[in-house]
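Everything below concerns the one structure shown next.
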Amino acid sequence: MIGAGTLAPGSKLPPERVLAEQFSITRVTVRQALARMEAEGLIFREDRRGWFVAPPRIRYDPTANTSFTESIAEQGRVAGTSVLSKQQIAASQWESTHLGCAVGDPIYAISRLRTVDGRSVLVEKIRVKAERCPGLLDLPLDRSMTDLMSQEYGIIEHRAQINMRPTALSEIPAKALGVAVGTPSLYLSRAILDQFNEVVEFDQEFWRHDAIDICVSAAGRSEDGKKRLEI
């Protein structure tokens with residue numbers, strides 16, 4: 001039905017009872033099929049709302065300096081951002097290690113929800129050195145952080161030290177994304193450096209596993225030995 005377009009992206013699937021009757025199978029078999037389709041990214045579940053057909057995945061290059069909004073727009077889709085929380089805190093040992101600051105230094109902690117075509121796909125946790133960006137929390141934080149850093153503070157960001165791994169969503173990001181705790185996700189973290197190669201920001205992203213297709217540009221070599229870009 002999904003392949004034939006009978007159920008379009010975003011459509012809600014019929015209840016398990018209806019599917020069992022329609023295909024002459026047990027509800028246990030229906031649940032097994034739904035779980036397998038969810039693992040393959042064909043459908044997704046929202047708490048207390050049911051199952052839905054997953055929209056096409058977005059292409060995402062975590063190494064690119066293109067902003068989230070620009071990347072989504074280039075794919076003909078609409079990005080959205082909402083701020084979940086923002087505060088100034090003292091750096092813990094963990095934050096000291098990742099930001100290269102002293103324990104107790106003031107840092108900004110920002111949490112945001114990112115959407116594509118109105119669907120929540122990503123929870124982002126951002127840590128920023130407060131001394132580099134005075135007054136940051138008073139600015140609109142539902143825009144590109146890359147553009148904000150450049151326009152307000154003259155910081156030209158580039159990305160380095162990127163780590164990715166599969167994980168299960170804990171309570172806070174799961175609630176923000178409207179899914180059950182333990183839902184599969186992709187965890188991505190990266191240090192953001194300025195034009196002087198100093199770490200100014202450290203980001204953590206929790207992606208819905210069915211929303212993203214990682215496409216990383218890598219340097220290769222042609223037959224004449226010159227470097228070239230491949231995707």
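Scheme for the structure tokens: letters A, B, ... for chains in order shown; per-chain residue numbers from 1; ligand numbers from 1 in order shown.
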
_Residues of region 43-141 of chain A classed as strand (DSSP E) by DSSP on the backbone are to be reported as an MDAnalysis selection string._
chainID A and resid 43:46 50:53 58:60 79:90 106:116 119:129

Residue selection dump (C-alpha atoms) as an mmCIF file, in the first residue's frame:
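Output file again32.cif follows:
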```cif
data_model
loop_
_atom_site.group_PDB
_atom_site.id
_atom_site.type_symbol
_atom_site.label_atom_id
_atom_site.label_comp_id
_atom_site.auth_asym_id
_atom_site.auth_seq_id
_atom_site.Cartn_x
_atom_site.Cartn_y
_atom_site.Cartn_z
ATOM 1 C CA ILE A 43 6.698 4.055 9.189
ATOM 2 C CA PHE A 44 6.930 5.844 12.512
ATOM 3 C CA ARG A 45 4.916 5.889 15.699
ATOM 4 C CA GLU A 46 3.856 8.856 17.799
ATOM 5 C CA GLY A 50 -0.652 5.771 16.231
ATOM 6 C CA TRP A 51 1.420 4.767 13.195
ATOM 7 C CA PHE A 52 2.166 7.015 10.226
ATOM 8 C CA VAL A 53 3.859 6.592 6.849
ATOM 9 C CA ILE A 58 16.430 14.225 4.361
ATOM 10 C CA ARG A 59 20.010 14.188 3.092
ATOM 11 C CA TYR A 60 22.359 15.508 5.755
ATOM 12 C CA ALA A 79 12.808 23.668 8.239
ATOM 13 C CA GLY A 80 11.642 24.946 11.603
ATOM 14 C CA THR A 81 13.309 25.598 14.954
ATOM 15 C CA SER A 82 11.905 26.148 18.435
ATOM 16 C CA VAL A 83 13.851 26.799 21.627
ATOM 17 C CA LEU A 84 13.078 24.303 24.395
ATOM 18 C CA SER A 85 15.315 25.839 27.061
ATOM 19 C CA LYS A 86 18.214 28.258 27.522
ATOM 20 C CA GLN A 87 20.305 29.143 30.550
ATOM 21 C CA GLN A 88 23.777 30.092 31.750
ATOM 22 C CA ILE A 89 25.481 27.411 33.825
ATOM 23 C CA ALA A 90 28.898 26.617 35.261
ATOM 24 C CA PRO A 106 30.287 30.277 32.559
ATOM 25 C CA ILE A 107 28.766 28.604 29.520
ATOM 26 C CA TYR A 108 25.427 28.818 27.765
ATOM 27 C CA ALA A 109 23.262 25.685 27.582
ATOM 28 C CA ILE A 110 20.645 25.756 24.835
ATOM 29 C CA SER A 111 18.196 23.039 23.803
ATOM 30 C CA ARG A 112 16.281 23.258 20.520
ATOM 31 C CA LEU A 113 13.766 21.211 18.558
ATOM 32 C CA ARG A 114 14.219 21.073 14.771
ATOM 33 C CA THR A 115 11.423 20.185 12.365
ATOM 34 C CA VAL A 116 11.109 19.348 8.684
ATOM 35 C CA ARG A 119 7.506 17.017 11.695
ATOM 36 C CA SER A 120 9.838 16.899 14.704
ATOM 37 C CA VAL A 121 13.040 15.142 13.630
ATOM 38 C CA LEU A 122 15.841 16.328 15.873
ATOM 39 C CA VAL A 123 16.594 17.522 19.405
ATOM 40 C CA GLU A 124 19.753 19.592 19.660
ATOM 41 C CA LYS A 125 21.751 20.360 22.810
ATOM 42 C CA ILE A 126 24.235 23.213 22.421
ATOM 43 C CA ARG A 127 26.993 24.365 24.768
ATOM 44 C CA VAL A 128 28.720 27.708 24.056
ATOM 45 C CA LYS A 129 31.533 29.556 25.831
#
```

*If you run DSSP on the backbone, which residues of region 9-219 of chain A are helix (DSSP H, G or I), as a PyMOL selection string?*
chain A and resi 16-23+27-39+68-74+93-99+130-132+136-138+145-153+171-177

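CA of Gln204 (chain A) lies 7.3 Å from CA of Tyr187 (chain A).
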
*For Glu40 (chain A), work out the shell of residues within 10 Å, counting only C-alpha atoms and skipping chain neighbours fewer than 6 positions away, then give it as number ranges by chain.*
A: 34, 209-210

*Kindly indicate which residue among A:Ala191, A:Leu13, A:Ala54, A:Ala211 lies nearest to Thr97 (chain A), using only C-alpha atoms for the distances.*
A:Ala191

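Minimum distance to Glu171 (chain A) across A:His158, A:Thr183, A:Val103, A:Arg48 (counting only C-alpha atoms) occurs at A:Thr183.
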
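Interatomic distance, CA of Gln195 (chain A) to CA of Met164 (chain A): 24.1 Å.
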
*List the neighbours of His98 (chain A) out to 9 Å using only C-alpha atoms; skip same-chain residues closer than 5 positions along the sequence, and give me the result as a PyMOL selection string.*
chain A and resi 93+191+199+201-202

Next, dump the selected residues to file, keeping only C-alpha atoms, as a PDB file, in the first residue's frame.
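Just written: selection.pdb:
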```pdb
ATOM      1  CA  GLN A  93      34.127  18.403  34.054  1.00  0.00           C
ATOM      2  CA  ALA A 191      33.015  20.405  18.265  1.00  0.00           C
ATOM      3  CA  VAL A 199      36.525  25.456  20.235  1.00  0.00           C
ATOM      4  CA  GLU A 201      30.689  25.493  20.775  1.00  0.00           C
ATOM      5  CA  PHE A 202      29.897  21.826  21.340  1.00  0.00           C
TER       6      PHE A 202
END
```
